[in-house]
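Structure data follow from run.pdb (PDB, C-alpha atoms):
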ATOM      1  CA  MET A 162       0.000   0.000   0.000
ATOM      2  CA  PRO A 163       1.299   3.463  -0.733
ATOM      3  CA  SER A 164       2.889   5.111   2.214
ATOM      4  CA  HIS A 165       0.867   8.317   2.124
ATOM      5  CA  GLU A 166      -2.685   9.493   1.620
ATOM      6  CA  PRO A 167      -3.301  13.171   2.280
ATOM      7  CA  GLU A 168      -5.214  14.517   5.217
ATOM      8  CA  PRO A 169      -5.681  18.233   5.899
ATOM      9  CA  SER A 170      -3.548  19.708   8.681
ATOM     10  CA  ARG A 171      -0.810  22.320   8.804
ATOM     11  CA  PRO A 172       0.791  23.103  12.146
ATOM     12  CA  ALA A 173       3.958  25.156  12.191
ATOM     13  CA  LEU A 174       7.014  23.335  10.909
ATOM     14  CA  PRO A 175       9.696  22.561  13.489
ATOM     15  CA  PRO A 176      13.205  23.813  12.813
ATOM     16  CA  ALA A 177      15.574  21.393  11.136
ATOM     17  CA  ARG A 178      17.906  19.700  13.607
ATOM     18  CA  ALA A 179      21.157  18.298  12.278
ATOM     19  CA  PRO A 180      22.826  15.188  13.685
ATOM     20  CA  THR A 181      25.718  15.730  16.031
ATOM     21  CA  ARG A 182      28.406  13.350  17.199
ATOM     22  CA  ALA A 183      27.515  14.442  20.708
ATOM     23  CA  GLY A 184      24.021  13.116  20.029
ATOM     24  CA  GLY A 185      25.544   9.661  19.909
ATOM     25  CA  PHE A 186      25.175   7.755  16.646
ATOM     26  CA  GLY A 187      28.021   5.382  17.386
ATOM     27  CA  HIS A 188      25.532   2.892  18.845
ATOM     28  CA  ILE A 189      23.368   2.688  15.713
ATOM     29  CA  GLU A 190      23.595  -0.732  14.069
ATOM     30  CA  ALA A 191      20.444  -0.657  11.897
ATOM     31  CA  TRP A 192      19.236   2.202   9.704
ATOM     32  CA  ILE A 193      15.561   1.870   8.781
ATOM     33  CA  PHE A 194      14.168   3.966   5.928
ATOM     34  CA  ASP A 195      10.671   4.662   4.765
ATOM     35  CA  LEU A 196      10.540   4.661   0.968
ATOM     36  CA  ASP A 197       8.129   7.110  -0.648
ATOM     37  CA  ASN A 198       8.852  10.809  -0.089
ATOM     38  CA  THR A 199      11.742   9.838   2.197
ATOM     39  CA  LEU A 200      14.374   8.057   0.128
ATOM     40  CA  TYR A 201      13.539  10.359  -2.790
ATOM     41  CA  PRO A 202      12.197  13.944  -2.593
ATOM     42  CA  ALA A 203       8.462  14.502  -2.227
ATOM     43  CA  SER A 204       8.773  16.974  -5.112
ATOM     44  CA  CYS A 205       8.929  13.966  -7.465
ATOM     45  CA  ASN A 206       5.165  13.676  -6.872
ATOM     46  CA  LEU A 207       5.028   9.922  -7.373
ATOM     47  CA  PHE A 208       2.176   9.730  -4.943
ATOM     48  CA  ASP A 209       0.018  11.813  -7.263
ATOM     49  CA  GLN A 210       0.246   8.922  -9.704
ATOM     50  CA  VAL A 211      -0.441   6.307  -7.027
ATOM     51  CA  ASP A 212      -3.325   8.322  -5.629
ATOM     52  CA  ARG A 213      -4.901   8.533  -9.070
ATOM     53  CA  ARG A 214      -4.511   4.816  -9.671
ATOM     54  CA  ILE A 215      -6.101   4.005  -6.298
ATOM     55  CA  GLY A 216      -9.153   5.947  -7.440
ATOM     56  CA  GLU A 217      -9.185   4.188 -10.811
ATOM     57  CA  PHE A 218      -8.947   0.802  -9.125
ATOM     58  CA  MET A 219     -11.879   1.583  -6.860
ATOM     59  CA  VAL A 220     -14.022   2.833  -9.745
ATOM     60  CA  GLN A 221     -13.373  -0.383 -11.668
ATOM     61  CA  PHE A 222     -13.575  -2.837  -8.776
ATOM     62  CA  LEU A 223     -16.550  -1.333  -6.961
ATOM     63  CA  GLN A 224     -18.341  -0.105 -10.094
ATOM     64  CA  ILE A 225     -18.896   3.363  -8.643
ATOM     65  CA  GLU A 226     -18.457   6.937  -9.826
ATOM     66  CA  ALA A 227     -15.158   8.741  -9.392
ATOM     67  CA  ASP A 228     -16.488  11.150  -6.747
ATOM     68  CA  GLU A 229     -17.767   8.287  -4.611
ATOM     69  CA  ALA A 230     -14.485   6.423  -5.063
ATOM     70  CA  ARG A 231     -12.601   9.479  -3.817
ATOM     71  CA  ARG A 232     -14.841   9.779  -0.784
ATOM     72  CA  LEU A 233     -14.431   6.108   0.122
ATOM     73  CA  GLN A 234     -10.689   6.215  -0.509
ATOM     74  CA  LYS A 235     -10.211   8.905   2.115
ATOM     75  CA  GLN A 236     -12.748   7.393   4.509
ATOM     76  CA  TYR A 237     -11.002   4.026   4.422
ATOM     77  CA  PHE A 238      -7.630   5.693   4.925
ATOM     78  CA  ARG A 239      -8.933   7.450   8.038
ATOM     79  CA  ASP A 240     -10.787   4.424   9.402
ATOM     80  CA  TYR A 241      -8.354   1.628   8.568
ATOM     81  CA  GLY A 242      -4.936   3.259   8.171
ATOM     82  CA  THR A 243      -4.739   2.528   4.448
ATOM     83  CA  THR A 244      -7.301   2.412   1.668
ATOM     84  CA  LEU A 245      -6.139  -1.133   0.962
ATOM     85  CA  ARG A 246      -7.023  -2.354   4.425
ATOM     86  CA  GLY A 247     -10.458  -0.787   4.109
ATOM     87  CA  LEU A 248     -10.984  -2.487   0.765
ATOM     88  CA  MET A 249      -9.836  -5.815   2.185
ATOM     89  CA  THR A 250     -12.096  -5.484   5.230
ATOM     90  CA  ARG A 251     -15.180  -4.104   3.522
ATOM     91  CA  HIS A 252     -14.979  -5.603   0.042
ATOM     92  CA  ALA A 253     -12.650  -8.647   0.227
ATOM     93  CA  VAL A 254     -10.257  -7.120  -2.300
ATOM     94  CA  ALA A 255      -7.293  -9.337  -3.180
ATOM     95  CA  PRO A 256      -4.385  -7.237  -1.870
ATOM     96  CA  ARG A 257      -1.786  -8.261  -4.443
ATOM     97  CA  ARG A 258      -4.124  -7.315  -7.272
ATOM     98  CA  PHE A 259      -4.512  -3.870  -5.711
ATOM     99  CA  LEU A 260      -0.788  -3.404  -5.063
ATOM    100  CA  ASP A 261       0.194  -4.434  -8.578
ATOM    101  CA  TYR A 262      -2.304  -2.001 -10.073
ATOM    102  CA  VAL A 263      -1.572   1.088  -7.974
ATOM    103  CA  HIS A 264       2.209   0.743  -8.259
ATOM    104  CA  ALA A 265       2.234   0.488 -12.060
ATOM    105  CA  ILE A 266       3.526   4.062 -12.328
ATOM    106  CA  ASP A 267       6.105   6.080 -14.225
ATOM    107  CA  LEU A 268       9.281   6.365 -12.134
ATOM    108  CA  SER A 269      11.047   8.767 -14.480
ATOM    109  CA  PRO A 270      10.434  11.760 -12.141
ATOM    110  CA  VAL A 271      12.816  10.087  -9.657
ATOM    111  CA  PRO A 272      16.378  10.974 -10.711
ATOM    112  CA  PRO A 273      19.308   8.638 -10.046
ATOM    113  CA  SER A 274      21.114   9.827  -6.919
ATOM    114  CA  PRO A 275      24.856   9.182  -6.853
ATOM    115  CA  ALA A 276      25.033  11.419  -3.770
ATOM    116  CA  LEU A 277      22.580   9.223  -1.853
ATOM    117  CA  ASP A 278      24.421   6.127  -3.043
ATOM    118  CA  ALA A 279      27.700   7.520  -1.705
ATOM    119  CA  ALA A 280      26.166   8.662   1.589
ATOM    120  CA  LEU A 281      24.618   5.243   2.230
ATOM    121  CA  GLY A 282      27.953   3.632   1.388
ATOM    122  CA  ARG A 283      29.672   5.640   4.104
ATOM    123  CA  LEU A 284      27.028   4.817   6.685
ATOM    124  CA  GLU A 285      28.125   1.834   8.761
ATOM    125  CA  GLY A 286      25.510  -0.700   9.738
ATOM    126  CA  ARG A 287      22.607  -2.618   8.272
ATOM    127  CA  LYS A 288      20.023  -0.816   6.125
ATOM    128  CA  ILE A 289      16.388  -1.826   5.729
ATOM    129  CA  ILE A 290      13.413  -0.389   3.851
ATOM    130  CA  PHE A 291      10.154  -0.245   5.859
ATOM    131  CA  THR A 292       7.247   0.665   3.597
ATOM    132  CA  ASN A 293       3.479   0.550   3.413
ATOM    133  CA  GLY A 294       4.005  -0.180  -0.270
ATOM    134  CA  SER A 295       5.031  -3.405  -1.954
ATOM    135  CA  GLU A 296       8.469  -4.964  -2.160
ATOM    136  CA  ALA A 297       8.346  -4.759  -5.952
ATOM    137  CA  HIS A 298       7.654  -1.019  -5.794
ATOM    138  CA  ALA A 299      10.517  -0.544  -3.342
ATOM    139  CA  GLU A 300      12.905  -2.479  -5.557
ATOM    140  CA  ASN A 301      11.869  -0.445  -8.604
ATOM    141  CA  VAL A 302      12.427   2.839  -6.765
ATOM    142  CA  MET A 303      15.789   1.719  -5.364
ATOM    143  CA  ALA A 304      16.885   0.632  -8.831
ATOM    144  CA  ARG A 305      15.909   4.021 -10.205
ATOM    145  CA  LEU A 306      17.870   5.794  -7.460
ATOM    146  CA  GLY A 307      20.814   3.411  -7.847
ATOM    147  CA  VAL A 308      20.963   2.461  -4.155
ATOM    148  CA  GLY A 309      19.555  -1.061  -3.948
ATOM    149  CA  ARG A 310      22.922  -2.655  -3.174
ATOM    150  CA  HIS A 311      22.996  -1.011   0.259
ATOM    151  CA  PHE A 312      19.811  -2.596   1.618
ATOM    152  CA  GLU A 313      19.704  -6.049   3.138
ATOM    153  CA  GLY A 314      15.942  -6.283   2.893
ATOM    154  CA  VAL A 315      12.542  -4.699   2.378
ATOM    155  CA  PHE A 316       9.844  -5.010   5.031
ATOM    156  CA  ASP A 317       6.710  -4.242   3.047
ATOM    157  CA  ILE A 318       2.971  -4.273   3.643
ATOM    158  CA  VAL A 319       2.819  -7.989   2.781
ATOM    159  CA  ALA A 320       5.495  -8.854   5.359
ATOM    160  CA  ALA A 321       3.500  -6.816   7.875
ATOM    161  CA  ALA A 322       0.406  -8.975   7.231
ATOM    162  CA  TYR A 323      -1.190  -5.885   5.668
ATOM    163  CA  LEU A 324      -1.007  -3.947   8.928
ATOM    164  CA  PRO A 325       0.225  -0.499   7.865
ATOM    165  CA  LYS A 326       2.388   1.980   9.685
ATOM    166  CA  PRO A 327       1.713   3.364  12.273
ATOM    167  CA  GLU A 328       0.197   0.122  13.630
ATOM    168  CA  PRO A 329       2.586  -0.914  16.461
ATOM    169  CA  ALA A 330       2.271  -4.579  15.444
ATOM    170  CA  ALA A 331       3.947  -3.796  12.118
ATOM    171  CA  TYR A 332       6.999  -2.394  13.930
ATOM    172  CA  ALA A 333       7.130  -5.413  16.234
ATOM    173  CA  SER A 334       7.082  -7.703  13.192
ATOM    174  CA  LEU A 335       9.882  -5.730  11.550
ATOM    175  CA  VAL A 336      12.004  -5.954  14.689
ATOM    176  CA  GLU A 337      11.428  -9.689  14.984
ATOM    177  CA  ARG A 338      11.950 -10.592  11.330
ATOM    178  CA  HIS A 339      15.115  -8.560  10.883
ATOM    179  CA  ARG A 340      16.427  -9.086  14.430
ATOM    180  CA  VAL A 341      16.683  -5.385  15.077
ATOM    181  CA  ASP A 342      17.580  -4.042  18.504
ATOM    182  CA  PRO A 343      15.377  -0.925  18.624
ATOM    183  CA  ARG A 344      17.804   0.789  21.002
ATOM    184  CA  ALA A 345      20.480   0.460  18.325
ATOM    185  CA  ALA A 346      18.303   1.539  15.392
ATOM    186  CA  ALA A 347      17.453   4.807  13.653
ATOM    187  CA  MET A 348      14.314   5.298  11.585
ATOM    188  CA  PHE A 349      13.701   7.860   8.837
ATOM    189  CA  GLU A 350      10.191   8.943   7.813
ATOM    190  CA  ASP A 351       8.370  11.841   6.189
ATOM    191  CA  LEU A 352       5.193  11.271   8.234
ATOM    192  CA  PRO A 353       5.592  12.267  11.891
ATOM    193  CA  ARG A 354       2.898   9.886  13.123
ATOM    194  CA  ASN A 355       4.820   6.920  11.682
ATOM    195  CA  LEU A 356       7.766   7.723  13.937
ATOM    196  CA  ALA A 357       5.795   7.561  17.184
ATOM    197  CA  PRO A 358       5.794   3.724  17.463
ATOM    198  CA  ALA A 359       9.497   3.668  16.548
ATOM    199  CA  ALA A 360      10.328   6.104  19.341
ATOM    200  CA  ALA A 361       8.183   4.118  21.772
ATOM    201  CA  LEU A 362      10.342   1.068  21.015
ATOM    202  CA  GLY A 363      13.497   3.045  21.729
ATOM    203  CA  MET A 364      14.595   3.901  18.192
ATOM    204  CA  THR A 365      16.238   7.185  17.277
ATOM    205  CA  THR A 366      13.885   8.987  14.890
ATOM    206  CA  VAL A 367      14.571  11.332  11.989
ATOM    207  CA  LEU A 368      11.810  13.280  10.268
ATOM    208  CA  VAL A 369      12.576  13.930   6.606
ATOM    209  CA  ARG A 370      10.473  17.019   6.231
ATOM    210  CA  SER A 371       8.313  17.900   3.233
ATOM    211  CA  ASP A 372       6.132  20.917   2.527
ATOM    212  CA  ALA A 373       2.940  18.891   2.051
ATOM    213  CA  ASP A 374       0.153  20.202   4.255
ATOM    214  CA  TRP A 375      -1.009  16.697   5.142
ATOM    215  CA  ALA A 376       2.457  15.568   6.257
ATOM    216  CA  GLN A 377       2.841  17.978   9.183
ATOM    217  CA  ALA A 378       0.578  16.696  11.952
ATOM    218  CA  GLY A 379       2.719  15.762  14.961
ATOM    219  CA  ALA A 380       5.931  17.200  13.532
ATOM    220  CA  ASP A 381       6.634  19.062  16.771
ATOM    221  CA  GLY A 382       6.176  16.002  18.998
ATOM    222  CA  ASP A 383       8.740  14.706  21.466
ATOM    223  CA  HIS A 384       8.960  11.463  19.465
ATOM    224  CA  ILE A 385      10.793  13.403  16.726
ATOM    225  CA  HIS A 386      14.476  13.419  17.680
ATOM    226  CA  HIS A 387      15.964  14.937  14.510
ATOM    227  CA  VAL A 388      14.529  16.892  11.589
ATOM    228  CA  THR A 389      16.061  17.417   8.173
ATOM    229  CA  ASP A 390      15.109  18.951   4.854
ATOM    230  CA  ASP A 391      17.943  17.108   3.098
ATOM    231  CA  LEU A 392      18.372  13.372   3.684
ATOM    232  CA  VAL A 393      21.708  13.130   1.898
ATOM    233  CA  ALA A 394      23.260  15.974   3.885
ATOM    234  CA  TRP A 395      21.968  14.463   7.128
ATOM    235  CA  LEU A 396      23.460  11.063   6.327
ATOM    236  CA  GLU A 397      26.765  12.620   5.386
ATOM    237  CA  ALA A 398      26.902  14.382   8.739
ATOM    238  CA  ALA A 399      25.899  11.276  10.678
ATOM    239  CA  ALA A 400      28.238   8.828   8.939
ATOM    240  CA  ARG A 401      30.999   7.503  11.145
ATOM    241  CA  PRO A 402      34.488   7.180   9.686
ATOM    242  CA  ARG A 403      35.377   3.624   8.812
ATOM    243  CA  PRO A 404      38.146   2.047  10.898
ATOM    244  CA  GLY A 405      41.606   1.961   9.394
TER     245      GLY A 405
END
Please rewrite the model in this file as structure tokens.
Amino acid sequence: MPSHEPEPSRPALPPARAPTRAGGFGHIEAWIFDLDNTLYPASCNLFDQVDRRIGEFMVQFLQIEADEARRLQKQYFRDYGTTLRGLMTRHAVAPRRFLDYVHAIDLSPVPPSPALDAALGRLEGRKIIFTNGSEAHAENVMARLGVGRHFEGVFDIVAAAYLPKPEPAAYASLVERHRVDPRAAAMFEDLPRNLAPAAALGMTTVLVRSDADWAQAGADGDHIHHVTDDLVAWLEAAARPRPG
């Protein structure tokens, strides 16, 4: 399931907070990254394509008008965490059929990122993708960015038994499957609410900020430990020098 579906809200943005060695990143052994609008800039607008295809899927599957599909899409997102979970619960939609359809998008707006590739290469420790989307979508995006070689795995919505972030059970499953010590992990997200369960487990959290109105709720919460407008620059600052 796509990682984001917009909801109206716009509190004041918190100031960006850069990583510091004094903040203690030497203990981090696992770096956990959301995918959409985190690993690549939100300005790529991939979600606009996904959002449109969700609506198309609902029109075709439910045989309803576009306006009604839009209404239900947002209602299910609010009530169930993702539109997919609402469709599964209310209409017995086959989840893989949905995921394949909504992720059949044009990735050309995402530019290859040699800078991100280099920054991830300098970052010691394991790296994992944690997404409400599908593994195939994550692999396609990583291939487009040119960073797939750095990640040991993708924990997607299927691995989470279709429980989306911010459901705490999804985080517990991630920790168990990938044998992550939350106290030695850092998580990166563009949605503040998705960092709350990570912080509750003891993870260090990093909000990768976007200007989207619907991505601001909770951005000033105590569960946000670091804030950045530039993921690559943040990683470069946080990277520890390799021994020798």
Translate the PyMOL selection byres ((chain A and resi 302) around 10) into a concrete residue list for this structure, as a PDB file with C-alpha atoms, in the coordinates of the input.
ATOM      1  CA  LEU A 196      10.540   4.661   0.968  1.00  0.00           C
ATOM      2  CA  ASP A 197       8.129   7.110  -0.648  1.00  0.00           C
ATOM      3  CA  LEU A 200      14.374   8.057   0.128  1.00  0.00           C
ATOM      4  CA  TYR A 201      13.539  10.359  -2.790  1.00  0.00           C
ATOM      5  CA  LEU A 268       9.281   6.365 -12.134  1.00  0.00           C
ATOM      6  CA  SER A 269      11.047   8.767 -14.480  1.00  0.00           C
ATOM      7  CA  VAL A 271      12.816  10.087  -9.657  1.00  0.00           C
ATOM      8  CA  PRO A 272      16.378  10.974 -10.711  1.00  0.00           C
ATOM      9  CA  PRO A 273      19.308   8.638 -10.046  1.00  0.00           C
ATOM     10  CA  GLU A 296       8.469  -4.964  -2.160  1.00  0.00           C
ATOM     11  CA  ALA A 297       8.346  -4.759  -5.952  1.00  0.00           C
ATOM     12  CA  HIS A 298       7.654  -1.019  -5.794  1.00  0.00           C
ATOM     13  CA  ALA A 299      10.517  -0.544  -3.342  1.00  0.00           C
ATOM     14  CA  GLU A 300      12.905  -2.479  -5.557  1.00  0.00           C
ATOM     15  CA  ASN A 301      11.869  -0.445  -8.604  1.00  0.00           C
ATOM     16  CA  MET A 303      15.789   1.719  -5.364  1.00  0.00           C
ATOM     17  CA  ALA A 304      16.885   0.632  -8.831  1.00  0.00           C
ATOM     18  CA  ARG A 305      15.909   4.021 -10.205  1.00  0.00           C
ATOM     19  CA  LEU A 306      17.870   5.794  -7.460  1.00  0.00           C
ATOM     20  CA  GLY A 307      20.814   3.411  -7.847  1.00  0.00           C
ATOM     21  CA  VAL A 308      20.963   2.461  -4.155  1.00  0.00           C
ATOM     22  CA  GLY A 309      19.555  -1.061  -3.948  1.00  0.00           C
TER      23      GLY A 309
END
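The protein and nucleic acid residues lying at most 6 Å from stretch 327-333 of chain A are Ala321, Asn355 and Pro358 of chain A, with all atoms listed in the file considered and sequence neighbours fewer than 4 positions away removed.
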Original post:
Between A:His188, A:Lys326, A:Lys288, A:Arg310, which is the closest to A:Thr243 once you count only C-alpha atoms?
Top reply: A:Lys326
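If you measure from each of A:Ile215, A:Leu356, A:Ala322, A:Leu284 to A:Leu260 using all atoms listed in the file, the closest one turns out to be A:Ile215.
Across A:Leu281, A:Cys205, A:Met364, A:Leu223, the tightest approach to A:Leu392 is made by A:Leu281 when counting all atoms listed in the file.
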Original post:
Could you name the residues that touch A:Glu313 at 7 Å or less, counting only C-alpha atoms, but leaving out those on the same chain fewer than 2 positions away, as a list of chain:residue names?
Top reply: A:Arg287, A:Lys288, A:Ile289, A:His311
Subject >> the PyMOL selection byres ((chain A and resi 242) around 9) resolved against shown file, as a list in words >> reply: Tyr237, Phe238, Arg239, Asp240, Tyr241, Thr243, Thr244, Leu245, Arg246, Gly247, Leu324, Pro325, Lys326, Pro327 and Glu328 of chain A
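Note that atom CA of A:Leu368 and atom CA of A:Ser334 are 21.7 Å apart.
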Emit as lines of an AutoDock Vina configuration file the padded axis-aligned box for all listed atoms of stretch 384-389 of chain A, 3 Å per side, with centre and edge lengths in Å to one decimal.
center_x = 12.5
center_y = 14.4
center_z = 13.8
size_x = 13.1
size_y = 12.0
size_z = 17.3
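Distance check against A:Phe259 using only C-alpha atoms: of A:Ile225, A:Met219, A:Ala230, A:Ala347, the minimum falls on A:Met219.
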Subject >> Polymer residues at most 6 Å from A:Asp317, all atoms listed in the file, same-chain spacing of 6 or more positions, as a ChimeraX atom specification >> reply: /A:291-296
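With distances taken over all atoms listed in the file, A:Asp212 is the one residue among A:Asp391, A:Glu350, A:Asp212, A:Asp372 lying closest to A:Tyr262.
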